[in-house]
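For reference, the structure is listed below as structure tokens.
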Amino acid sequence: MGKKVKKEVEPPPKDVFDPLLIESKTATTVVLMLRSPEEEVLAKACDALYRFASKGDENKVMLLGLGAVEHLNKLISHEDPVVRRNAIMVLGIMASNNDVRKLLRELDVTNSLISQLKPEEDVVIHEFATLCLAHMAVEYAAKVQIFEHGGLEPLIRLLGSTDPDVKKNSLECIYLLVQDFQICAAVRALNVIPPLLELLKSEYSVIQLLALKTLEVITKDRETRIILGEHKGLDCLLKILETNEFSDLHVEALAVLGNCLEGVRTLQLIQQTGGLKKLLSFVGVSTVPDIQKNAAKAITKAAYDSENRKILNEEEVEKCLIKLLETDNDGVKVAASQAISAMCQNLASKRAFGFQGISQLVQLLSSDNEEVKEAAVTALANLTTDSPSNASAVAEAEGIEPLVNTLNTQRDGAIANAATVLTNLAVQDTFRLKIQSHGVMSALAELLRSTNSQVQSKAAFAVAEFGCDAAARTELRNAGGLGPLVELLHSKNEEVRRNACWAVTVCASDELTAVELCRLGALDILEEINLSNLSTKHKKNFSEAVEKLLDNNLSQKYSQIGYLSSSNIITDGFYDCGQIKPGVKILSLEELSMQELTDRQAIIFINSKTFFSVNTSLKEKAQDSSYERTVLSPSILRRGSREKARENCNLLCDLNSSMVSPVEEKQKLSGQRSSLSKSSTREKGLRKGKGKKEEEKMKEVTQIVSKVQDEISLENSHWLPPPDFTLLDYINDASQTVLPLTTTREQVVALARFVADKMGGSIERDKLHDFSWELHISEVEFELKSNVVPIGKIKKGTFYHRALLFKVIADRIGIACSLVRSKCNRAWNEVELVDDSPQGIAELLLPPQAYIVDLMFEPGFLIKKGSAEADQYQYI
């Protein structure tokens, strides 16, 4: 038996420490262990920190404060795979904290994390490295770092990982990265569509949802949509919509399809495969508000393209949208209304909506939701533009009142579009009058004060449309709308200025409004605009406004430019205050009459209108100087009540309407002569005052006049200029003596002699300086205690007095003539006459010649315009 050999055990080296189990319950100690050179200690410390950080955000903050992040940043590149893995796990968990992310970005940890995404690395490293990157990608600066360090490509590769967590984290990071448009364009080149479509088949809904959200973002790019279609992605999306099990994905799938509908090519592809019909059918039966809303938004996007609108119309998308208006969800109603607005640019769609959808949109105008109301009225604005039938449908649906009410909402978009719809309706007279009855001009007057340029523009446009009616202009005037309208002429917005100019042009159609516009400075602003550097086309618009203003404010026109054409008919209320400089405002006749007597040039006014019956005894009383002074003085009118004064004024107006009026039209001369004769006879009978009825009527009128003088309050009634009975006589006499003459030439000559006779007769040229007309006018002013003088009171008149009287009478009896004033304060009348032809050619075939009518030296003498005699008459 062999002998056993005893083997000796060698003692361990003296420099080697025996294994030691360390337990720590403080994070500080564990963080200190991250400095250890031993892999096992580092691995266990990282594992402990991972479990500690997973418990809550407070622990992450504590570790951050202990400096753990800086140590972990070094360990994610450690040679030992276990240490590296555990360190990345800790950072992946801690990166959910905002402060941790900020420090990681400052430490530029991105490159180290991306380097861990190599295919050969452990799947756990992939999981937590992508988790950390996904947390960091929330911030823009980190997105840039990941992209610039080449992180996009390995992330897309990991979409094919076998581990669902790696897929989810990588996909989430990509979704966040593509929010940046530059990165979004880059993913297309990296062929991201196939792996994303593959992920739609995942058994994990969170992965499917992220894949759809990523597709929604990147398919906003046209080229990406084409690639999606080439890879049959549209079919994949439609299958999701058709599968009830994927109902939680329907909203996102529909959002992706909505992007695809924008492109004509992809929309055609969906239509050809029957997908578009399926899509609209799916939306029609769905009761999920988000699905309905996204579908409407998708249609809106698609409808921005004319070809797409045609395709959608072929699939009867209008029925789908009208059905969506019936839902109870306000968001769906808004989206559907917006889609209708976009689709109605297609004429066929506009007609289809008109038949079925307008009544529902009108009902939405009464919604308590302001956004719904705005979307509905915007749709109506688009539907009624250039569509009288749709405008009629709005009116038939009783939409006028809610539209006018919408003008008082708080949303500028709703206000502007409501004004547009009302303007579209106002093209038809019946609707315009109905809208006016709801006080639309008062509402528009307030909108003209808006600070929103769109509201200003649409309101001014509406004023131009409604301002064609006198009642509407009066309402605008009374509502104080003219002032804000004039202010809009100063707007820096070209459309606002243009529409305001048009509104001024329309509103200047009557004298009262034109005078008020001029008083507010419209004329000065328009002339200033004309002098600016505008194009010829734009200047024409503003020039037309100036012309319209002046043509309906002849007092301003004559004072400013010194010319009235034959079409400028002088009416009662006209006054001549002399030549004024540009930019100088002329006061109203009422304001001028209130001024104290001065040595300035007399203001000559025209007023043949009177409240009194033409009775000799009463007229004589009225012509008494003391009586005229009383009428001119406002103090006599400062007693009585407004209602009583108005009653008496109405009664006097009724009496005035029964008076015999002068001849107004020359075109029917032959038929009117007999009536003129009868009128003259009737007037003479009245003046004789020989009947009992006439005497009773005279007493009645006298009593009414007395009441008017005692009871009209100046503060509470409109000021009225005093009547000029002499001028009324002149007109009546001229109608009897001048009109019966057979030719225009004879009438002009006779009227010239008539005027000269009333104004002091003919004057010899060399004795013109002895014609003391200035003294006479001064005496009249002193007699009336006023600078305002009725033209009938002037018995010694010079050139401009006679020319004015000639024009006034000529306009009343139908003789066409113009009134011209020179800079040297001379004035004359020009007429156009046809010379007699020695060859016997009919007068109408000859061109008319312009003549100046001599009213001073040889009254009735006709001076050919442009001749030396004409120059002498005008300026010497």
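Each chain in the structure tokens gets a letter, A, B and so on, in the order shown; residues start at 1 in every chain, and ligands are counted from 1 in the order they appear.
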Practice task
Determine, counting only C-alpha atoms, which protein, DNA and RNA residues have an atom within 12 Å of an atom of Phe782 in chain A; residues of the same chain fewer than 2 positions away are not included. Present the result as a PyMOL selection string.
Solution key: chain A and resi 596-599+602+625-626+629+775-780+784-789
Practice task
Could you please write out, as JSON, numbers by chain, every residue of range 433-613 of chain A that DSSP assigns to strand (DSSP E or B)?
Solution key: {"A": [563, 564, 575, 576, 603, 604, 605]}
Practice task
Name the residues in contact with Ser491 in chain A at a cut-off of 12 Å, using only C-alpha atoms, excluding same-chain residues fewer than 6 positions from it; report them as a ChimeraX atom specification.
Solution key: /A:448-454,456-457,460,484-485,497-501,525,529
Against range 216-233 of chain A, which residues of range 293-354 of chain A fall within 12 Å? For each one I want the closest pair of atoms and the distance in Å (one decimal), counting only C-alpha atoms, rows by chain and increasing residue number, as a tab-separated table.
residue	atom	partner	partner_atom	distance
A:Asn294	CA	A:Glu216	CA	11.9
A:Ala298	CA	A:Glu216	CA	11.6
A:Lys301	CA	A:Lys220	CA	10.6
A:Ala302	CA	A:Lys220	CA	11.9
Practice task
Mind checking which residues fall within 7 Å of range 474-483 of chain A, counting only C-alpha atoms, ignoring those fewer than 5 positions away in the same chain, and posting them as a list in words?
Solution key: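 Everything that qualifies: Met441, Ser442, Ala445, Leu517 and Leu520 of chain A.
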Kindly save the residues from that selection, with N, CA, C and O atoms included, as a compact mmCIF listing (two decimals), in the first residue's frame.
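Output below, filename result-v7.txt:
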# COMPACT_ATOMS: atom_id res chain seq x y z
N MET A 441 -77.17 99.50 -41.23
CA MET A 441 -76.26 100.64 -41.37
C MET A 441 -75.74 101.12 -40.02
O MET A 441 -74.59 101.54 -39.91
N SER A 442 -76.57 101.04 -39.01
CA SER A 442 -76.11 101.42 -37.67
C SER A 442 -75.03 100.47 -37.18
O SER A 442 -74.05 100.88 -36.56
N ALA A 445 -71.85 101.19 -39.09
CA ALA A 445 -71.23 102.42 -38.61
C ALA A 445 -70.29 102.12 -37.44
O ALA A 445 -69.21 102.71 -37.33
N LEU A 517 -69.63 114.81 -45.75
CA LEU A 517 -68.34 114.18 -46.04
C LEU A 517 -67.26 115.22 -46.29
O LEU A 517 -66.12 115.08 -45.82
N LEU A 520 -66.17 116.74 -43.09
CA LEU A 520 -65.32 115.85 -42.31
C LEU A 520 -63.93 115.69 -42.91
O LEU A 520 -63.09 114.97 -42.36
Handout entry: Neighbour list for Leu66 in chain A as an MDAnalysis selection string, cut-off 12 Å, only C-alpha atoms, skip fewer than 4 positions in-chain
Key = chainID A and resid 26:32 34 49 59:62 70:72
Write the residues you've just listed into a file as a compact mmCIF listing (two decimals), in the first residue's frame, and include N, CA and C atoms for each of them.
# COMPACT_ATOMS: atom_id res chain seq x y z
N THR A 26 -27.23 54.03 2.32
CA THR A 26 -27.22 55.44 1.95
C THR A 26 -26.77 55.60 0.51
N ALA A 27 -27.47 56.48 -0.21
CA ALA A 27 -27.13 56.71 -1.62
C ALA A 27 -25.75 57.34 -1.77
N THR A 28 -25.37 58.10 -0.76
CA THR A 28 -24.07 58.78 -0.82
C THR A 28 -22.96 57.75 -0.91
N THR A 29 -23.06 56.72 -0.11
CA THR A 29 -22.03 55.68 -0.11
C THR A 29 -21.97 54.97 -1.45
N VAL A 30 -23.12 54.67 -2.01
CA VAL A 30 -23.17 53.95 -3.29
C VAL A 30 -22.59 54.81 -4.40
N VAL A 31 -22.92 56.10 -4.37
CA VAL A 31 -22.36 57.00 -5.39
C VAL A 31 -20.84 57.04 -5.27
N LEU A 32 -20.32 57.01 -4.03
CA LEU A 32 -18.87 56.99 -3.83
C LEU A 32 -18.25 55.72 -4.41
N LEU A 34 -18.96 54.42 -7.11
CA LEU A 34 -18.78 54.55 -8.56
C LEU A 34 -17.36 54.95 -8.94
N LEU A 49 -28.09 51.63 -7.78
CA LEU A 49 -28.59 52.96 -8.15
C LEU A 49 -29.77 52.86 -9.11
N ASN A 59 -35.75 60.58 -5.93
CA ASN A 59 -34.48 59.84 -5.84
C ASN A 59 -33.54 60.23 -6.98
N LYS A 60 -34.11 60.48 -8.15
CA LYS A 60 -33.29 60.90 -9.29
C LYS A 60 -32.65 62.25 -9.01
N VAL A 61 -33.43 63.13 -8.41
CA VAL A 61 -32.91 64.45 -8.08
C VAL A 61 -31.80 64.34 -7.03
N MET A 62 -32.00 63.43 -6.07
CA MET A 62 -30.97 63.24 -5.04
C MET A 62 -29.67 62.75 -5.66
N GLU A 70 -22.29 62.47 -13.48
CA GLU A 70 -20.94 62.64 -14.03
C GLU A 70 -20.18 61.31 -14.02
N HIS A 71 -20.29 60.52 -12.92
CA HIS A 71 -19.61 59.22 -12.84
C HIS A 71 -20.21 58.23 -13.82
N LEU A 72 -21.53 58.23 -13.92
CA LEU A 72 -22.21 57.30 -14.83
C LEU A 72 -21.85 57.60 -16.29
Exercise for the section: Write out as a PyMOL selection string all residues of range 393-567 of chain A that DSSP puts in alpha helix (DSSP H) for this structure's backbone. Expected result: chain A and resi 393-396+400-406+412-425+429-436+440-447+453-466+470-478+482-487+494-507+511-519+522-531+536-551+554-561
Practice task
Just the residues within 9 Å of range 539-553 of chain A, please, counting only C-alpha atoms, with nothing from its chain fewer than 6 positions along; format it as a ChimeraX atom specification.
Solution key: /A:498,501-515,517-518,522-523,526-527,529-533,564,567-568,574
Handout entry: Pairwise distance for CA of Asp572 in chain A and CA of Ile606 in chain A, rounded to one decimal in Å
Key =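 So the two atoms, CA of Asp572 in chain A and CA of Ile606 in chain A, lie 5.3 Å apart.
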Problem - CA of Phe355 in chain A to CA of Glu374 in chain A, straight-line distance in Å - result: 21.3 Å
Handout entry: Contacts of Glu40 in chain A within 12 Å, only C-alpha atoms, excl. fewer than 2 positions in-chain, as a ChimeraX atom specification
Key = /A:19-22,33-34,36-38,42-47,80-84,86
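Computed from the coordinates, the CA of Ser112 in chain A to CA of Ile183 in chain A distance equals 20.6 Å.
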